[in-house]
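Chemist: One file: upload-v1.pdb (PDB, C-alpha atoms (C1' of nucleotides)).
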ATOM      1  CA  MET A   1     142.110 210.497 329.823  1.00  0.00           C
ATOM      2  CA  LYS A   2     141.185 207.901 327.218  1.00  0.00           C
ATOM      3  CA  ALA A   3     140.526 210.293 324.363  1.00  0.00           C
ATOM      4  CA  PHE A   4     138.997 208.155 321.680  1.00  0.00           C
ATOM      5  CA  LYS A   5     140.639 210.207 318.954  1.00  0.00           C
ATOM      6  CA  ASP A   6     144.034 208.904 319.984  1.00  0.00           C
ATOM      7  CA  LEU A   7     143.495 205.806 317.873  1.00  0.00           C
ATOM      8  CA  ASP A   8     144.728 206.560 314.357  1.00  0.00           C
ATOM      9  CA  PRO A   9     141.516 206.274 312.328  1.00  0.00           C
ATOM     10  CA  LEU A  10     143.399 205.142 309.261  1.00  0.00           C
ATOM     11  CA  LEU A  11     144.594 202.056 311.093  1.00  0.00           C
ATOM     12  CA  HIS A  12     141.511 201.602 313.247  1.00  0.00           C
ATOM     13  CA  SER A  13     139.531 199.861 310.552  1.00  0.00           C
ATOM     14  CA  GLN A  14     138.872 196.160 310.487  1.00  0.00           C
ATOM     15  CA  LEU A  15     140.320 195.571 307.073  1.00  0.00           C
ATOM     16  CA  ARG A  16     143.152 198.120 307.033  1.00  0.00           C
ATOM     17  CA  LEU A  17     144.445 196.866 310.360  1.00  0.00           C
ATOM     18  CA  ALA A  18     144.429 193.307 309.034  1.00  0.00           C
ATOM     19  CA  ILE A  19     146.300 194.421 305.914  1.00  0.00           C
ATOM     20  CA  VAL A  20     148.998 196.334 307.775  1.00  0.00           C
ATOM     21  CA  SER A  21     149.366 193.613 310.371  1.00  0.00           C
ATOM     22  CA  LEU A  22     149.816 191.088 307.593  1.00  0.00           C
ATOM     23  CA  LEU A  23     152.320 193.185 305.669  1.00  0.00           C
ATOM     24  CA  LEU A  24     154.406 193.676 308.783  1.00  0.00           C
ATOM     25  CA  GLY A  25     155.203 189.980 308.817  1.00  0.00           C
ATOM     26  CA  VAL A  26     156.365 189.671 305.217  1.00  0.00           C
ATOM     27  CA  GLU A  27     158.778 191.298 302.826  1.00  0.00           C
ATOM     28  CA  SER A  28     155.930 192.080 300.452  1.00  0.00           C
ATOM     29  CA  ALA A  29     152.627 190.563 299.428  1.00  0.00           C
ATOM     30  CA  GLU A  30     150.535 190.322 296.305  1.00  0.00           C
ATOM     31  CA  PHE A  31     146.945 191.501 296.022  1.00  0.00           C
ATOM     32  CA  VAL A  32     145.538 188.000 295.701  1.00  0.00           C
ATOM     33  CA  PHE A  33     147.445 186.774 298.724  1.00  0.00           C
ATOM     34  CA  VAL A  34     146.255 189.659 300.888  1.00  0.00           C
ATOM     35  CA  LYS A  35     142.727 189.038 299.669  1.00  0.00           C
ATOM     36  CA  GLU A  36     142.890 185.371 300.643  1.00  0.00           C
ATOM     37  CA  GLN A  37     144.449 185.986 304.024  1.00  0.00           C
ATOM     38  CA  THR A  38     142.062 188.713 305.073  1.00  0.00           C
ATOM     39  CA  GLY A  39     138.917 187.289 303.529  1.00  0.00           C
ATOM     40  CA  ALA A  40     138.136 190.648 301.981  1.00  0.00           C
ATOM     41  CA  THR A  41     136.322 191.156 298.713  1.00  0.00           C
ATOM     42  CA  ALA A  42     138.476 192.441 295.876  1.00  0.00           C
ATOM     43  CA  GLY A  43     136.578 195.731 295.743  1.00  0.00           C
ATOM     44  CA  ASN A  44     136.919 196.485 299.404  1.00  0.00           C
ATOM     45  CA  LEU A  45     140.578 195.505 299.327  1.00  0.00           C
ATOM     46  CA  SER A  46     141.282 197.723 296.340  1.00  0.00           C
ATOM     47  CA  VAL A  47     139.758 200.742 298.085  1.00  0.00           C
ATOM     48  CA  GLN A  48     141.553 200.182 301.376  1.00  0.00           C
ATOM     49  CA  LEU A  49     144.941 199.546 299.760  1.00  0.00           C
ATOM     50  CA  ASP A  50     144.478 202.828 297.950  1.00  0.00           C
ATOM     51  CA  LYS A  51     143.860 204.696 301.202  1.00  0.00           C
ATOM     52  CA  LEU A  52     146.897 203.158 302.872  1.00  0.00           C
ATOM     53  CA  SER A  53     148.956 203.941 299.819  1.00  0.00           C
ATOM     54  CA  LYS A  54     147.842 207.573 299.668  1.00  0.00           C
ATOM     55  CA  ALA A  55     148.867 207.997 303.310  1.00  0.00           C
ATOM     56  CA  GLU A  56     152.153 206.304 302.384  1.00  0.00           C
ATOM     57  CA  TYR A  57     151.641 203.624 304.987  1.00  0.00           C
ATOM     58  CA  ILE A  58     152.274 201.142 302.199  1.00  0.00           C
ATOM     59  CA  SER A  59     153.765 201.264 298.733  1.00  0.00           C
ATOM     60  CA  ILE A  60     152.134 199.610 295.760  1.00  0.00           C
ATOM     61  CA  GLU A  61     153.799 198.396 292.607  1.00  0.00           C
ATOM     62  CA  LYS A  62     152.024 197.133 289.557  1.00  0.00           C
ATOM     63  CA  SER A  63     153.744 194.799 287.161  1.00  0.00           C
ATOM     64  CA  PHE A  64     153.106 191.751 285.032  1.00  0.00           C
ATOM     65  CA  GLN A  65     153.966 188.164 285.733  1.00  0.00           C
ATOM     66  CA  GLY A  66     153.956 186.806 282.225  1.00  0.00           C
ATOM     67  CA  LYS A  67     150.622 188.155 281.079  1.00  0.00           C
ATOM     68  CA  LYS A  68     148.924 188.501 284.441  1.00  0.00           C
ATOM     69  CA  PRO A  69     148.793 191.840 286.201  1.00  0.00           C
ATOM     70  CA  VAL A  70     150.293 191.682 289.668  1.00  0.00           C
ATOM     71  CA  THR A  71     149.822 194.236 292.423  1.00  0.00           C
ATOM     72  CA  THR A  72     152.524 194.051 295.054  1.00  0.00           C
ATOM     73  CA  CYS A  73     152.187 195.742 298.443  1.00  0.00           C
ATOM     74  CA  LYS A  74     154.842 196.579 300.945  1.00  0.00           C
ATOM     75  CA  ILE A  75     154.729 198.390 304.260  1.00  0.00           C
ATOM     76  CA  THR A  76     156.745 201.620 304.523  1.00  0.00           C
ATOM     77  CA  LYS A  77     158.653 203.187 307.399  1.00  0.00           C
ATOM     78  CA  THR A  78     155.756 205.600 307.874  1.00  0.00           C
ATOM     79  CA  GLY A  79     153.404 202.637 308.107  1.00  0.00           C
ATOM     80  CA  ILE A  80     155.556 200.842 310.642  1.00  0.00           C
ATOM     81  CA  ASP A  81     155.781 203.966 312.795  1.00  0.00           C
ATOM     82  CA  ALA A  82     152.043 204.552 312.659  1.00  0.00           C
ATOM     83  CA  PHE A  83     151.388 200.951 313.568  1.00  0.00           C
ATOM     84  CA  GLU A  84     153.710 201.151 316.546  1.00  0.00           C
ATOM     85  CA  ARG A  85     151.920 204.250 317.822  1.00  0.00           C
ATOM     86  CA  TYR A  86     148.609 202.486 317.308  1.00  0.00           C
ATOM     87  CA  VAL A  87     149.788 199.499 319.318  1.00  0.00           C
ATOM     88  CA  LYS A  88     150.849 201.711 322.198  1.00  0.00           C
ATOM     89  CA  VAL A  89     147.416 203.309 322.375  1.00  0.00           C
ATOM     90  CA  ILE A  90     145.378 200.159 321.977  1.00  0.00           C
ATOM     91  CA  LYS A  91     147.398 198.515 324.705  1.00  0.00           C
ATOM     92  CA  GLN A  92     146.206 201.197 327.093  1.00  0.00           C
ATOM     93  CA  TYR A  93     142.676 200.287 326.129  1.00  0.00           C
ATOM     94  CA  ILE A  94     143.041 196.580 326.605  1.00  0.00           C
ATOM     95  CA  GLY A  95     145.033 197.071 329.765  1.00  0.00           C
ATOM     96  CA  GLU A  96     148.387 195.518 328.990  1.00  0.00           C
TER      97      GLU A  96
ATOM     98  CA  MET B   1     144.266 183.638 308.381  1.00  0.00           C
ATOM     99  CA  LYS B   2     143.728 187.138 309.702  1.00  0.00           C
ATOM    100  CA  ALA B   3     140.090 187.445 308.710  1.00  0.00           C
ATOM    101  CA  PHE B   4     139.271 191.058 309.277  1.00  0.00           C
ATOM    102  CA  LYS B   5     135.705 190.250 310.271  1.00  0.00           C
ATOM    103  CA  ASP B   6     136.928 188.588 313.452  1.00  0.00           C
ATOM    104  CA  LEU B   7     137.028 191.944 315.207  1.00  0.00           C
ATOM    105  CA  ASP B   8     133.611 192.568 316.796  1.00  0.00           C
ATOM    106  CA  PRO B   9     132.416 195.629 314.887  1.00  0.00           C
ATOM    107  CA  LEU B  10     130.421 196.874 317.851  1.00  0.00           C
ATOM    108  CA  LEU B  11     133.603 197.197 319.874  1.00  0.00           C
ATOM    109  CA  HIS B  12     135.893 198.120 317.019  1.00  0.00           C
ATOM    110  CA  SER B  13     134.885 201.762 317.016  1.00  0.00           C
ATOM    111  CA  GLN B  14     137.069 204.511 318.408  1.00  0.00           C
ATOM    112  CA  LEU B  15     134.496 205.830 320.802  1.00  0.00           C
ATOM    113  CA  ARG B  16     132.727 202.638 321.819  1.00  0.00           C
ATOM    114  CA  LEU B  17     136.026 200.964 322.598  1.00  0.00           C
ATOM    115  CA  ALA B  18     137.030 203.904 324.778  1.00  0.00           C
ATOM    116  CA  ILE B  19     133.693 203.761 326.606  1.00  0.00           C
ATOM    117  CA  VAL B  20     133.849 200.037 327.295  1.00  0.00           C
ATOM    118  CA  SER B  21     137.500 200.206 328.290  1.00  0.00           C
ATOM    119  CA  LEU B  22     136.695 203.002 330.689  1.00  0.00           C
ATOM    120  CA  LEU B  23     133.705 201.225 332.200  1.00  0.00           C
ATOM    121  CA  LEU B  24     135.764 198.112 332.793  1.00  0.00           C
ATOM    122  CA  GLY B  25     137.875 199.988 335.285  1.00  0.00           C
ATOM    123  CA  VAL B  26     135.065 201.392 337.385  1.00  0.00           C
ATOM    124  CA  GLU B  27     131.976 200.212 339.204  1.00  0.00           C
ATOM    125  CA  SER B  28     129.859 202.582 337.145  1.00  0.00           C
ATOM    126  CA  ALA B  29     130.196 205.975 335.513  1.00  0.00           C
ATOM    127  CA  GLU B  30     127.983 208.947 334.810  1.00  0.00           C
ATOM    128  CA  PHE B  31     127.361 210.399 331.379  1.00  0.00           C
ATOM    129  CA  VAL B  32     129.257 213.586 332.092  1.00  0.00           C
ATOM    130  CA  PHE B  33     132.264 211.709 333.413  1.00  0.00           C
ATOM    131  CA  VAL B  34     132.422 209.445 330.369  1.00  0.00           C
ATOM    132  CA  LYS B  35     132.097 212.495 328.155  1.00  0.00           C
ATOM    133  CA  GLU B  36     135.002 214.212 329.867  1.00  0.00           C
ATOM    134  CA  GLN B  37     137.262 211.182 329.887  1.00  0.00           C
ATOM    135  CA  THR B  38     136.701 210.269 326.262  1.00  0.00           C
ATOM    136  CA  GLY B  39     136.519 213.794 324.878  1.00  0.00           C
ATOM    137  CA  ALA B  40     133.378 212.882 322.959  1.00  0.00           C
ATOM    138  CA  THR B  41     130.602 215.299 322.150  1.00  0.00           C
ATOM    139  CA  ALA B  42     127.345 214.734 324.015  1.00  0.00           C
ATOM    140  CA  GLY B  43     125.517 213.820 320.832  1.00  0.00           C
ATOM    141  CA  ASN B  44     128.013 211.224 319.699  1.00  0.00           C
ATOM    142  CA  LEU B  45     128.213 209.789 323.202  1.00  0.00           C
ATOM    143  CA  SER B  46     124.446 209.529 323.492  1.00  0.00           C
ATOM    144  CA  VAL B  47     124.234 207.587 320.231  1.00  0.00           C
ATOM    145  CA  GLN B  48     127.057 205.200 321.054  1.00  0.00           C
ATOM    146  CA  LEU B  49     125.842 204.514 324.589  1.00  0.00           C
ATOM    147  CA  ASP B  50     122.523 203.621 323.066  1.00  0.00           C
ATOM    148  CA  LYS B  51     124.095 201.113 320.710  1.00  0.00           C
ATOM    149  CA  LEU B  52     126.091 199.479 323.477  1.00  0.00           C
ATOM    150  CA  SER B  53     122.997 199.387 325.619  1.00  0.00           C
ATOM    151  CA  LYS B  54     120.855 197.799 322.907  1.00  0.00           C
ATOM    152  CA  ALA B  55     123.443 195.060 322.505  1.00  0.00           C
ATOM    153  CA  GLU B  56     123.405 194.727 326.296  1.00  0.00           C
ATOM    154  CA  TYR B  57     127.124 195.359 326.502  1.00  0.00           C
ATOM    155  CA  ILE B  58     126.275 198.023 329.071  1.00  0.00           C
ATOM    156  CA  SER B  59     123.281 198.898 331.210  1.00  0.00           C
ATOM    157  CA  ILE B  60     121.985 202.412 331.576  1.00  0.00           C
ATOM    158  CA  GLU B  61     120.027 203.853 334.469  1.00  0.00           C
ATOM    159  CA  LYS B  62     118.449 207.253 334.534  1.00  0.00           C
ATOM    160  CA  SER B  63     117.787 208.978 337.812  1.00  0.00           C
ATOM    161  CA  PHE B  64     117.921 212.363 339.486  1.00  0.00           C
ATOM    162  CA  GLN B  65     120.565 213.758 341.760  1.00  0.00           C
ATOM    163  CA  GLY B  66     118.589 216.453 343.467  1.00  0.00           C
ATOM    164  CA  LYS B  67     117.054 218.107 340.441  1.00  0.00           C
ATOM    165  CA  LYS B  68     119.638 217.159 337.853  1.00  0.00           C
ATOM    166  CA  PRO B  69     119.112 214.209 335.563  1.00  0.00           C
ATOM    167  CA  VAL B  70     121.867 211.657 335.859  1.00  0.00           C
ATOM    168  CA  THR B  71     122.618 208.880 333.391  1.00  0.00           C
ATOM    169  CA  THR B  72     124.636 206.085 334.916  1.00  0.00           C
ATOM    170  CA  CYS B  73     126.404 203.448 332.801  1.00  0.00           C
ATOM    171  CA  LYS B  74     127.723 200.102 333.835  1.00  0.00           C
ATOM    172  CA  ILE B  75     129.323 197.292 331.898  1.00  0.00           C
ATOM    173  CA  THR B  76     127.476 193.956 331.823  1.00  0.00           C
ATOM    174  CA  LYS B  77     128.692 190.363 331.784  1.00  0.00           C
ATOM    175  CA  THR B  78     127.918 190.253 328.064  1.00  0.00           C
ATOM    176  CA  GLY B  79     130.048 193.353 327.598  1.00  0.00           C
ATOM    177  CA  ILE B  80     132.949 191.931 329.558  1.00  0.00           C
ATOM    178  CA  ASP B  81     132.832 188.695 327.561  1.00  0.00           C
ATOM    179  CA  ALA B  82     132.717 190.534 324.252  1.00  0.00           C
ATOM    180  CA  PHE B  83     135.613 192.718 325.301  1.00  0.00           C
ATOM    181  CA  GLU B  84     137.696 189.701 326.267  1.00  0.00           C
ATOM    182  CA  ARG B  85     137.071 188.104 322.893  1.00  0.00           C
ATOM    183  CA  TYR B  86     137.997 191.369 321.227  1.00  0.00           C
ATOM    184  CA  VAL B  87     141.248 191.554 323.160  1.00  0.00           C
ATOM    185  CA  LYS B  88     142.208 188.035 322.096  1.00  0.00           C
ATOM    186  CA  VAL B  89     141.739 188.906 318.440  1.00  0.00           C
ATOM    187  CA  ILE B  90     143.431 192.294 318.505  1.00  0.00           C
ATOM    188  CA  LYS B  91     146.412 190.751 320.239  1.00  0.00           C
ATOM    189  CA  GLN B  92     146.931 188.524 317.229  1.00  0.00           C
ATOM    190  CA  TYR B  93     147.015 191.639 315.114  1.00  0.00           C
ATOM    191  CA  ILE B  94     149.501 193.535 317.202  1.00  0.00           C
ATOM    192  CA  GLY B  95     151.607 190.454 317.692  1.00  0.00           C
ATOM    193  CA  GLU B  96     151.470 189.810 321.410  1.00  0.00           C
TER     194      GLU B  96
ATOM    195  C1'  DT C   1     133.793 181.051 269.669  1.00  0.00           C
ATOM    196  C1'  DA C   2     131.270 181.316 273.695  1.00  0.00           C
ATOM    197  C1'  DA C   3     131.528 180.821 278.599  1.00  0.00           C
ATOM    198  C1'  DT C   4     134.594 181.126 282.632  1.00  0.00           C
ATOM    199  C1'  DT C   5     138.342 182.649 285.279  1.00  0.00           C
ATOM    200  C1'  DT C   6     141.746 186.033 286.866  1.00  0.00           C
ATOM    201  C1'  DG C   7     142.996 190.424 288.595  1.00  0.00           C
ATOM    202  C1'  DG C   8     141.609 194.004 289.447  1.00  0.00           C
ATOM    203  C1'  DT C   9     138.752 199.168 289.400  1.00  0.00           C
ATOM    204  C1'  DT C  10     134.683 201.994 289.665  1.00  0.00           C
ATOM    205  C1'  DT C  11     130.381 203.111 291.331  1.00  0.00           C
ATOM    206  C1'  DA C  12     126.449 202.510 294.383  1.00  0.00           C
ATOM    207  C1'  DT C  13     124.620 201.466 298.884  1.00  0.00           C
ATOM    208  C1'  DA C  14     124.692 200.836 303.825  1.00  0.00           C
ATOM    209  C1'  DA C  15     126.526 202.025 308.111  1.00  0.00           C
ATOM    210  C1'  DA C  16     129.084 204.994 311.148  1.00  0.00           C
ATOM    211  C1'  DA C  17     130.752 209.259 313.097  1.00  0.00           C
ATOM    212  C1'  DT C  18     130.082 213.885 313.842  1.00  0.00           C
ATOM    213  C1'  DA C  19     127.843 218.165 314.325  1.00  0.00           C
ATOM    214  C1'  DA C  20     123.958 221.039 314.771  1.00  0.00           C
ATOM    215  C1'  DA C  21     119.627 221.903 316.526  1.00  0.00           C
ATOM    216  C1'  DC C  22     116.446 221.113 319.947  1.00  0.00           C
ATOM    217  C1'  DT C  23     114.114 219.811 324.687  1.00  0.00           C
ATOM    218  C1'  DA C  24     113.439 220.289 329.452  1.00  0.00           C
ATOM    219  C1'  DC C  25     114.613 221.845 333.050  1.00  0.00           C
ATOM    220  C1'  DT C  26     117.645 224.963 336.721  1.00  0.00           C
ATOM    221  C1'  DT C  27     120.388 228.657 338.205  1.00  0.00           C
ATOM    222  C1'  DT C  28     121.912 233.317 338.113  1.00  0.00           C
ATOM    223  C1'  DA C  29     121.526 238.269 337.107  1.00  0.00           C
ATOM    224  C1'  DC C  30     118.871 242.080 336.694  1.00  0.00           C
TER     225       DC C  30
ATOM    226  C1'  DG D   1     109.485 237.899 338.340  1.00  0.00           C
ATOM    227  C1'  DT D   2     111.483 237.352 334.085  1.00  0.00           C
ATOM    228  C1'  DA D   3     115.162 237.170 330.780  1.00  0.00           C
ATOM    229  C1'  DA D   4     119.639 235.122 329.867  1.00  0.00           C
ATOM    230  C1'  DA D   5     122.719 231.468 330.535  1.00  0.00           C
ATOM    231  C1'  DG D   6     123.968 226.850 332.059  1.00  0.00           C
ATOM    232  C1'  DT D   7     123.300 221.669 332.591  1.00  0.00           C
ATOM    233  C1'  DA D   8     122.212 217.204 330.890  1.00  0.00           C
ATOM    234  C1'  DG D   9     121.043 215.181 327.694  1.00  0.00           C
ATOM    235  C1'  DT D  10     118.206 213.554 322.881  1.00  0.00           C
ATOM    236  C1'  DT D  11     116.976 213.860 318.059  1.00  0.00           C
ATOM    237  C1'  DT D  12     117.836 214.822 313.482  1.00  0.00           C
ATOM    238  C1'  DA D  13     120.723 216.022 309.618  1.00  0.00           C
ATOM    239  C1'  DT D  14     125.147 215.914 307.323  1.00  0.00           C
ATOM    240  C1'  DT D  15     129.483 214.033 306.294  1.00  0.00           C
ATOM    241  C1'  DT D  16     132.584 210.381 306.102  1.00  0.00           C
ATOM    242  C1'  DT D  17     133.655 205.349 305.965  1.00  0.00           C
ATOM    243  C1'  DA D  18     133.072 200.710 304.953  1.00  0.00           C
ATOM    244  C1'  DT D  19     131.224 197.361 302.161  1.00  0.00           C
ATOM    245  C1'  DA D  20     129.177 195.251 298.312  1.00  0.00           C
ATOM    246  C1'  DA D  21     127.774 195.058 293.671  1.00  0.00           C
ATOM    247  C1'  DA D  22     128.644 195.934 289.071  1.00  0.00           C
ATOM    248  C1'  DC D  23     131.808 196.356 285.708  1.00  0.00           C
ATOM    249  C1'  DC D  24     136.207 195.978 282.578  1.00  0.00           C
ATOM    250  C1'  DA D  25     140.109 193.859 280.072  1.00  0.00           C
ATOM    251  C1'  DA D  26     142.688 190.136 279.104  1.00  0.00           C
ATOM    252  C1'  DA D  27     143.520 185.219 279.312  1.00  0.00           C
ATOM    253  C1'  DT D  28     142.070 180.505 279.660  1.00  0.00           C
ATOM    254  C1'  DT D  29     139.113 176.577 279.015  1.00  0.00           C
ATOM    255  C1'  DA D  30     135.380 173.882 276.915  1.00  0.00           C
TER     256       DA D  30
END
Turn this file's structure into structure tokens for me.
Modeler:
Amino acid sequence: MKAFKDLDPLLHSQLRLAIVSLLLGVESAEFVFVKEQTGATAGNLSVQLDKLSKAEYISIEKSFQGKKPVTTCKITKTGIDAFERYVKVIKQYIGE
Amino acid sequence: MKAFKDLDPLLHSQLRLAIVSLLLGVESAEFVFVKEQTGATAGNLSVQLDKLSKAEYISIEKSFQGKKPVTTCKITKTGIDAFERYVKVIKQYIGE
DNA sequence: TAATTTGGTTTATAAAATAAACTACTTTAC
DNA sequence: GTAAAGTAGTTTATTTTATAAACCAAATTA
């Protein structure tokens, strides 16, 4: 049974998957960097980071670097676990 | 660069991905079978099959088995190619 | 000091998923 | 034979998501 609901809908989104995948490879990343790497618009990115943050898949810290506001994102344990589950399911789909 | 738009949006949908993945493993499949395997509602399935069919990722044939209408789905070359591209991209995301 | 850039957020619009209602039969029960 | 229930879907309406556009505040540059 390939129940389509098995794929975590929070991760199964073009942009959110790219974000989480990116964050997995780094200690943390700033808003602007994530924006550049994913090619997302700032608005879209802001919304999706918020969703991931509310689910506690990532943590977000706001600070200042000199006078510039800096938004720093970091994946959480919850996020890593969810991603690993997602990978297991998607692998069944792509037959690996 | 993990541009989030690289993931074919037609395939990057919970249900449509499940459908295409399922069809890849069989010669062809009937509506009711796909519905059972994916756990989709008939309405949702009807809509998504239509989209895949319009993009020519699958072909749909309607016939009768005795007196019952039967909708038979089959993946096309276009669908297989699109799926293979999708797999390449998603693998970059899940780090394989 | 007026435009431009930076780093975002908020709000509006477009697209997708889902559910509900409906169609067109067929089968079963009375 | 006819009323109720089942099968195999489609169509339409509603809700949820994704995306884009508009906006804001502060800083920088011309």
Chemist: For the structure provided, state which residues fall under the PyMOL selection byres ((chain D) within 10 of (chain B)), and present them as a list of chain:residue names.
Modeler: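 Output of the PyMOL selection byres ((chain D) within 10 of (chain B)): D:DT7, D:DA8, D:DG9, D:DT10, D:DT11.
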Chemist: Counting all atoms listed in the file, collect the residues of chain C whose closest atom lies at most 8 Å from chain B, and write them out as a ChimeraX atom specification.
Modeler: /C:17-18,26
Chemist: Nearest to chain A: which of B:Leu10, B:Val87, B:Ala82, B:Val26 is it, counting only C-alpha atoms?
Modeler: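 Ranking B:Leu10, B:Val87, B:Ala82, B:Val26 by distance to chain A, first place goes to B:Val87.
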Chemist: Convert the output of the PyMOL selection byres ((chain B) within 7 of (chain A)) on the shown file into explicit residues, formatted as number ranges by chain.
Modeler: B: 1-5, 7, 14-15, 18, 21, 37-39, 87, 93-94
Chemist: Provide the atom C1' of DA29 of chain C to atom CA of Phe33 of chain B distance in Å, to one decimal place.
Modeler: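 Value for the atom C1' of DA29 of chain C-atom CA of Phe33 of chain B distance: 28.9 Å.
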Chemist: Suppose a student applies the PyMOL selection byres ((chain C and resi 15) around 10) to this structure; what residues should they get, written as a PyMOL selection string?
Modeler: (chain C and resi 13-14+16-17) or (chain D and resi 17-19)
Chemist: May I ask for the distance between atom CA of Lys62 of chain B and atom CA of Thr76 of chain B, given in Å to one decimal place?
Modeler: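 It comes out at 16.3 Å.
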Chemist: To test the calculation: enclose all listed atoms of segment 9-20 of chain B in a box whose edges run along x, y and z, add 6 Å on each side, then state centre and edge lengths in Å to one decimal, as lines of an AutoDock Vina configuration file.
Modeler:
center_x = 133.7
center_y = 200.7
center_z = 321.1
size_x = 18.6
size_y = 22.2
size_z = 24.4
Chemist: One decimal, Å: what's the distance from atom CA of Leu52 of chain B over to atom CA of Glu30 of chain B, could you say?
Modeler: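 Computing it gives 14.9 Å between the two atoms.
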Chemist: Tell me which residues come within 12 Å of (135.0, 173.9, 280.0), as number ranges by chain, counting only C-alpha atoms (C1' of nucleotides) in the file's coordinates.
Modeler: C: 2-5; D: 28-30
Chemist: Tell me which protein, DNA and RNA residues are within 10 Å of DT12 of chain D, counting all atoms listed in the file, leaving out same-chain ones fewer than 6 positions away, and put them as number ranges by chain.
Modeler: C: 20-22
